[in-house]
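To start, the structure under review is shown below, and the notes come after it.
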Amino acid sequence: MSVLIIGLALFLGIHLLTTLRRTRAAVIGRLGEGGYKGLYSLVAAAGLILIFIGFGSYRSAGYIQVWNPPLSLFHPIALLLLWFAFVSLTATYAPPSRIKSLLRHPMLVAVKAWALSHLLVNGDLGSMVLFGSLLAWAIYDRIAVKRRGDTGAPRVGWSINDLLVVGLGTLAYVAMFWLHDSLIGVTAA
């Protein structure tokens, strides 16, 4: 579990740096924009790799069950949240759309929905540490973004791009059911 925690500390720590505007500016001042981006990418990638290794090691050693989520109650909610996460993630990278403008910061919305959906159906300690940390970070980051006045995506009306966002998000959501086992090692439903 320690490798997972170190990975989370690196990954979330470097993402936290973005919200500390003075510290971030000082680092950019010392390293330059390119140096900052390189360091940021390196630390985030190292953290992500350690998260994968750490969570895999935790699962191999055996789950530490904290509570048993009632799947009949939470499973439908988790699946809906997960679909919403995929649509939100798609909106992040899609051309301007009404969905993107309503969500303002669709990547943060996607992380929150994804993490919450996993917390609802996984009652083991490792999952609570992993998904709980990511959910807490996404909530914190959204508050930080709002405090600094970042309004997010520009307001636009409904368009064909919204159908594209929902369609591609839904396609990715459906594909997740086939890919989750081979990529993550756990069946997705």
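Every chain in the structure tokens takes a letter, A first, then B, and so on in the order presented; its residues are numbered from 1, and the ligands are numbered from 1 following the presented order.
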**Study point:** Exercise: segment 89-103 of chain A partners within 10 Å, only C-alpha atoms, chain neighbours under 6 positions left out, as a list in words
**Key:**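 Everything that qualifies: Trp83, Val109, Ala110, Val111, Trp114, Thr151, Gly152, Ala153, Pro154, Arg155, Val156, Gly157, Trp158, Ser159, Ile160, Asn161, Asp162, Leu163, Leu164, Val165, Val166, Gly167, Leu168, Gly169, Thr170 and Ala172 of chain A.
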Emit the selected residues as an mmCIF file, in the first residue's frame, including N, CA and C atoms.
```
data_model
loop_
_atom_site.group_PDB
_atom_site.id
_atom_site.type_symbol
_atom_site.label_atom_id
_atom_site.label_comp_id
_atom_site.auth_asym_id
_atom_site.auth_seq_id
_atom_site.Cartn_x
_atom_site.Cartn_y
_atom_site.Cartn_z
ATOM 1 N N TRP A 83 -21.191 6.526 -16.707
ATOM 2 C CA TRP A 83 -21.568 7.015 -18.044
ATOM 3 C C TRP A 83 -21.385 8.534 -18.104
ATOM 4 N N VAL A 109 -15.154 17.364 -13.478
ATOM 5 C CA VAL A 109 -16.451 16.697 -13.311
ATOM 6 C C VAL A 109 -16.298 15.202 -13.591
ATOM 7 N N ALA A 110 -15.552 14.869 -14.640
ATOM 8 C CA ALA A 110 -15.338 13.459 -14.996
ATOM 9 C C ALA A 110 -14.602 12.714 -13.880
ATOM 10 N N VAL A 111 -13.575 13.324 -13.323
ATOM 11 C CA VAL A 111 -12.817 12.672 -12.248
ATOM 12 C C VAL A 111 -13.711 12.466 -11.029
ATOM 13 N N TRP A 114 -16.275 9.672 -11.842
ATOM 14 C CA TRP A 114 -15.581 8.388 -11.942
ATOM 15 C C TRP A 114 -15.176 7.882 -10.557
ATOM 16 N N THR A 151 -13.597 30.872 -15.155
ATOM 17 C CA THR A 151 -14.987 30.528 -15.466
ATOM 18 C C THR A 151 -15.121 29.289 -16.335
ATOM 19 N N GLY A 152 -14.008 28.759 -16.799
ATOM 20 C CA GLY A 152 -14.061 27.524 -17.566
ATOM 21 C C GLY A 152 -14.444 27.743 -19.013
ATOM 22 N N ALA A 153 -15.077 26.734 -19.590
ATOM 23 C CA ALA A 153 -15.434 26.753 -21.004
ATOM 24 C C ALA A 153 -16.393 27.901 -21.297
ATOM 25 N N PRO A 154 -16.238 28.554 -22.462
ATOM 26 C CA PRO A 154 -17.143 29.655 -22.813
ATOM 27 C C PRO A 154 -18.571 29.157 -23.036
ATOM 28 N N ARG A 155 -19.519 30.009 -22.742
ATOM 29 C CA ARG A 155 -20.937 29.667 -22.924
ATOM 30 C C ARG A 155 -21.271 29.621 -24.403
ATOM 31 N N VAL A 156 -21.850 28.509 -24.823
ATOM 32 C CA VAL A 156 -22.313 28.358 -26.212
ATOM 33 C C VAL A 156 -23.666 27.657 -26.187
ATOM 34 N N GLY A 157 -24.357 27.717 -27.311
ATOM 35 C CA GLY A 157 -25.659 27.057 -27.415
ATOM 36 C C GLY A 157 -25.513 25.595 -27.807
ATOM 37 N N TRP A 158 -26.646 24.911 -27.857
ATOM 38 C CA TRP A 158 -26.667 23.505 -28.263
ATOM 39 C C TRP A 158 -26.255 23.395 -29.719
ATOM 40 N N SER A 159 -25.539 22.330 -30.054
ATOM 41 C CA SER A 159 -25.089 22.134 -31.431
ATOM 42 C C SER A 159 -24.881 20.647 -31.687
ATOM 43 N N ILE A 160 -24.466 20.358 -32.894
ATOM 44 C CA ILE A 160 -24.155 18.978 -33.269
ATOM 45 C C ILE A 160 -23.015 18.435 -32.404
ATOM 46 N N ASN A 161 -22.184 19.336 -31.898
ATOM 47 C CA ASN A 161 -21.078 18.907 -31.026
ATOM 48 C C ASN A 161 -21.590 18.214 -29.767
ATOM 49 N N ASP A 162 -22.774 18.605 -29.289
ATOM 50 C CA ASP A 162 -23.339 17.960 -28.109
ATOM 51 C C ASP A 162 -23.722 16.515 -28.400
ATOM 52 N N LEU A 163 -24.254 16.268 -29.593
ATOM 53 C CA LEU A 163 -24.544 14.886 -29.991
ATOM 54 C C LEU A 163 -23.257 14.084 -30.106
ATOM 55 N N LEU A 164 -22.211 14.720 -30.618
ATOM 56 C CA LEU A 164 -20.903 14.079 -30.727
ATOM 57 C C LEU A 164 -20.371 13.711 -29.332
ATOM 58 N N VAL A 165 -20.486 14.632 -28.383
ATOM 59 C CA VAL A 165 -20.007 14.392 -27.014
ATOM 60 C C VAL A 165 -20.759 13.215 -26.387
ATOM 61 N N VAL A 166 -22.084 13.223 -26.487
ATOM 62 C CA VAL A 166 -22.884 12.145 -25.890
ATOM 63 C C VAL A 166 -22.627 10.822 -26.614
ATOM 64 N N GLY A 167 -22.561 10.871 -27.946
ATOM 65 C CA GLY A 167 -22.345 9.650 -28.718
ATOM 66 C C GLY A 167 -20.987 9.020 -28.453
ATOM 67 N N LEU A 168 -19.928 9.812 -28.519
ATOM 68 C CA LEU A 168 -18.586 9.276 -28.277
ATOM 69 C C LEU A 168 -18.392 8.876 -26.811
ATOM 70 N N GLY A 169 -18.965 9.661 -25.897
ATOM 71 C CA GLY A 169 -18.891 9.306 -24.475
ATOM 72 C C GLY A 169 -19.591 7.987 -24.198
ATOM 73 N N THR A 170 -20.740 7.795 -24.816
ATOM 74 C CA THR A 170 -21.489 6.548 -24.640
ATOM 75 C C THR A 170 -20.740 5.375 -25.267
ATOM 76 N N ALA A 172 -17.487 5.124 -25.617
ATOM 77 C CA ALA A 172 -16.364 4.826 -24.718
ATOM 78 C C ALA A 172 -16.854 4.089 -23.474
#
```
Contact table segment 81-157 of chain A vs segment 8-25 of chain A, cut-off 10 Å, shortest pair per residue, only C-alpha atoms, as a Markdown table:
```
| residue | atom | partner | partner_atom | distance |
| --- | --- | --- | --- | --- |
| A:Val129 | CA | A:Leu8 | CA | 9.1 |
| A:Leu130 | CA | A:Leu8 | CA | 7.5 |
| A:Ser133 | CA | A:Leu8 | CA | 7.6 |
| A:Leu134 | CA | A:Leu12 | CA | 7.7 |
| A:Trp137 | CA | A:Leu12 | CA | 7.0 |
| A:Ala138 | CA | A:Leu12 | CA | 9.6 |
| A:Tyr140 | CA | A:Leu16 | CA | 8.9 |
| A:Asp141 | CA | A:Thr19 | CA | 6.9 |
| A:Arg142 | CA | A:Thr19 | CA | 9.7 |
| A:Ile143 | CA | A:Thr19 | CA | 9.7 |
| A:Ala144 | CA | A:Thr19 | CA | 6.2 |
| A:Val145 | CA | A:Thr19 | CA | 7.4 |
| A:Arg147 | CA | A:Thr19 | CA | 9.9 |
| A:Arg148 | CA | A:Thr19 | CA | 8.9 |
```
Let me see the file: selected residues, N, CA, C and O atoms, as an mmCIF file, in the first residue's frame.
```
data_model
loop_
_atom_site.group_PDB
_atom_site.id
_atom_site.type_symbol
_atom_site.label_atom_id
_atom_site.label_comp_id
_atom_site.auth_asym_id
_atom_site.auth_seq_id
_atom_site.Cartn_x
_atom_site.Cartn_y
_atom_site.Cartn_z
ATOM 1 N N VAL A 129 -8.725 4.442 -0.518
ATOM 2 C CA VAL A 129 -7.573 5.342 -0.554
ATOM 3 C C VAL A 129 -7.420 5.926 -1.954
ATOM 4 O O VAL A 129 -7.290 7.144 -2.122
ATOM 5 N N LEU A 130 -7.444 5.074 -2.973
ATOM 6 C CA LEU A 130 -7.243 5.530 -4.351
ATOM 7 C C LEU A 130 -8.357 6.472 -4.806
ATOM 8 O O LEU A 130 -8.105 7.626 -5.154
ATOM 9 N N SER A 133 -8.965 9.632 -2.555
ATOM 10 C CA SER A 133 -7.953 10.679 -2.757
ATOM 11 C C SER A 133 -8.218 11.463 -4.033
ATOM 12 O O SER A 133 -8.131 12.698 -4.055
ATOM 13 N N LEU A 134 -8.532 10.750 -5.101
ATOM 14 C CA LEU A 134 -8.804 11.428 -6.373
ATOM 15 C C LEU A 134 -10.068 12.276 -6.302
ATOM 16 O O LEU A 134 -10.111 13.385 -6.851
ATOM 17 N N TRP A 137 -9.197 15.383 -4.225
ATOM 18 C CA TRP A 137 -8.402 16.321 -5.022
ATOM 19 C C TRP A 137 -9.275 17.067 -6.034
ATOM 20 O O TRP A 137 -9.141 18.292 -6.187
ATOM 21 N N ALA A 138 -10.152 16.352 -6.730
ATOM 22 C CA ALA A 138 -10.995 16.996 -7.752
ATOM 23 C C ALA A 138 -11.925 18.027 -7.124
ATOM 24 O O ALA A 138 -12.165 19.097 -7.704
ATOM 25 N N TYR A 140 -11.299 19.690 -4.276
ATOM 26 C CA TYR A 140 -10.409 20.794 -3.891
ATOM 27 C C TYR A 140 -10.043 21.638 -5.117
ATOM 28 O O TYR A 140 -10.081 22.871 -5.077
ATOM 29 N N ASP A 141 -9.665 20.978 -6.209
ATOM 30 C CA ASP A 141 -9.230 21.696 -7.399
ATOM 31 C C ASP A 141 -10.354 22.545 -7.979
ATOM 32 O O ASP A 141 -10.129 23.664 -8.419
ATOM 33 N N ARG A 142 -11.577 22.026 -7.958
ATOM 34 C CA ARG A 142 -12.719 22.806 -8.467
ATOM 35 C C ARG A 142 -12.938 24.051 -7.621
ATOM 36 O O ARG A 142 -13.212 25.133 -8.147
ATOM 37 N N ILE A 143 -12.796 23.921 -6.311
ATOM 38 C CA ILE A 143 -12.930 25.081 -5.427
ATOM 39 C C ILE A 143 -11.816 26.086 -5.714
ATOM 40 O O ILE A 143 -12.054 27.297 -5.797
ATOM 41 N N ALA A 144 -10.592 25.600 -5.904
ATOM 42 C CA ALA A 144 -9.461 26.481 -6.195
ATOM 43 C C ALA A 144 -9.652 27.213 -7.515
ATOM 44 O O ALA A 144 -9.364 28.410 -7.617
ATOM 45 N N VAL A 145 -10.144 26.512 -8.520
ATOM 46 C CA VAL A 145 -10.396 27.122 -9.829
ATOM 47 C C VAL A 145 -11.454 28.222 -9.695
ATOM 48 O O VAL A 145 -11.309 29.314 -10.243
ATOM 49 N N ARG A 147 -12.229 29.929 -6.985
ATOM 50 C CA ARG A 147 -11.691 31.046 -6.197
ATOM 51 C C ARG A 147 -10.810 31.971 -7.020
ATOM 52 O O ARG A 147 -10.750 33.163 -6.772
ATOM 53 N N ARG A 148 -10.087 31.423 -7.979
ATOM 54 C CA ARG A 148 -9.226 32.295 -8.771
ATOM 55 C C ARG A 148 -9.970 32.902 -9.965
ATOM 56 O O ARG A 148 -9.382 33.600 -10.780
#
```
Check your understanding: Do you have the atom CA of Ala175 of chain A-atom CA of Leu71 of chain A distance handy?
Key ->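 We find that atom CA of Ala175 of chain A and atom CA of Leu71 of chain A lie 21.8 Å from each other.
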Exercise for review: Using only C-alpha atoms, find the one residue out of A:Tyr36, A:Leu4, A:Ile51, A:Ala113 that sits nearest to Leu82 of chain A.
Suggested key: A:Ala113
Exercise for review: Measuring atom to atom with only C-alpha atoms, identify which of A:Val174, A:Ile64, A:Leu31, A:Ala44 is nearest to Phe86 of chain A.
Suggested key: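 Checking each candidate against Phe86 of chain A, we get A:Val174 as the closest.
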Check your understanding: If you run DSSP on the backbone, which residues of segment 7-165 of chain A are alpha helix (DSSP H), as JSON, numbers by chain?
Key -> {"A": [7, 8, 9, 10, 11, 12, 13, 14, 15, 16, 17, 18, 19, 21, 22, 23, 24, 25, 26, 27, 28, 29, 30, 31, 32, 33, 34, 35, 36, 37, 38, 39, 40, 41, 42, 43, 44, 45, 46, 47, 48, 49, 50, 51, 52, 53, 54, 55, 56, 57, 58, 59, 60, 61, 71, 72, 73, 74, 75, 76, 77, 78, 79, 80, 81, 82, 83, 84, 85, 86, 87, 88, 89, 90, 91, 92, 93, 98, 99, 100, 101, 102, 103, 106, 107, 108, 109, 110, 111, 112, 113, 114, 115, 116, 117, 118, 119, 120, 121, 125, 126, 127, 128, 129, 130, 131, 132, 133, 134, 135, 136, 137, 138, 139, 140, 141, 142, 143, 144, 145, 146, 147, 160, 161, 162, 163, 164, 165]}
Check your understanding: Between A:Leu119, A:Met1, A:Ala136, A:Met176, which one has atoms that come closest to Ser60 of chain A, using only C-alpha atoms?
Key -> A:Met1
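Proximity of A:Phe52, A:Tyr58, A:Trp178, A:Tyr40 to Asp124 of chain A, computed with only C-alpha atoms, is greatest for A:Tyr58.
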Practice item. Kindly give the distance, in Å, that separates atom CA of Phe74 of chain A and atom CA of Val121 of chain A, rounded to a single decimal. Key: 6.4 Å
Review point. Which polymer residues have any atom within 10 Å of an atom of Gly126 of chain A, counting only C-alpha atoms, with same-chain residues fewer than 4 positions away left out, as an MDAnalysis selection string?
Key: chainID A and resid 1 4:5 54:56 58:59 62:66 122 130:132
Practice item. Report the distance between atom CA of Leu73 of chain A and atom CA of Leu120 of chain A in Å, rounded to one decimal place. Key: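 Interatomic distance here is 9.3 Å.
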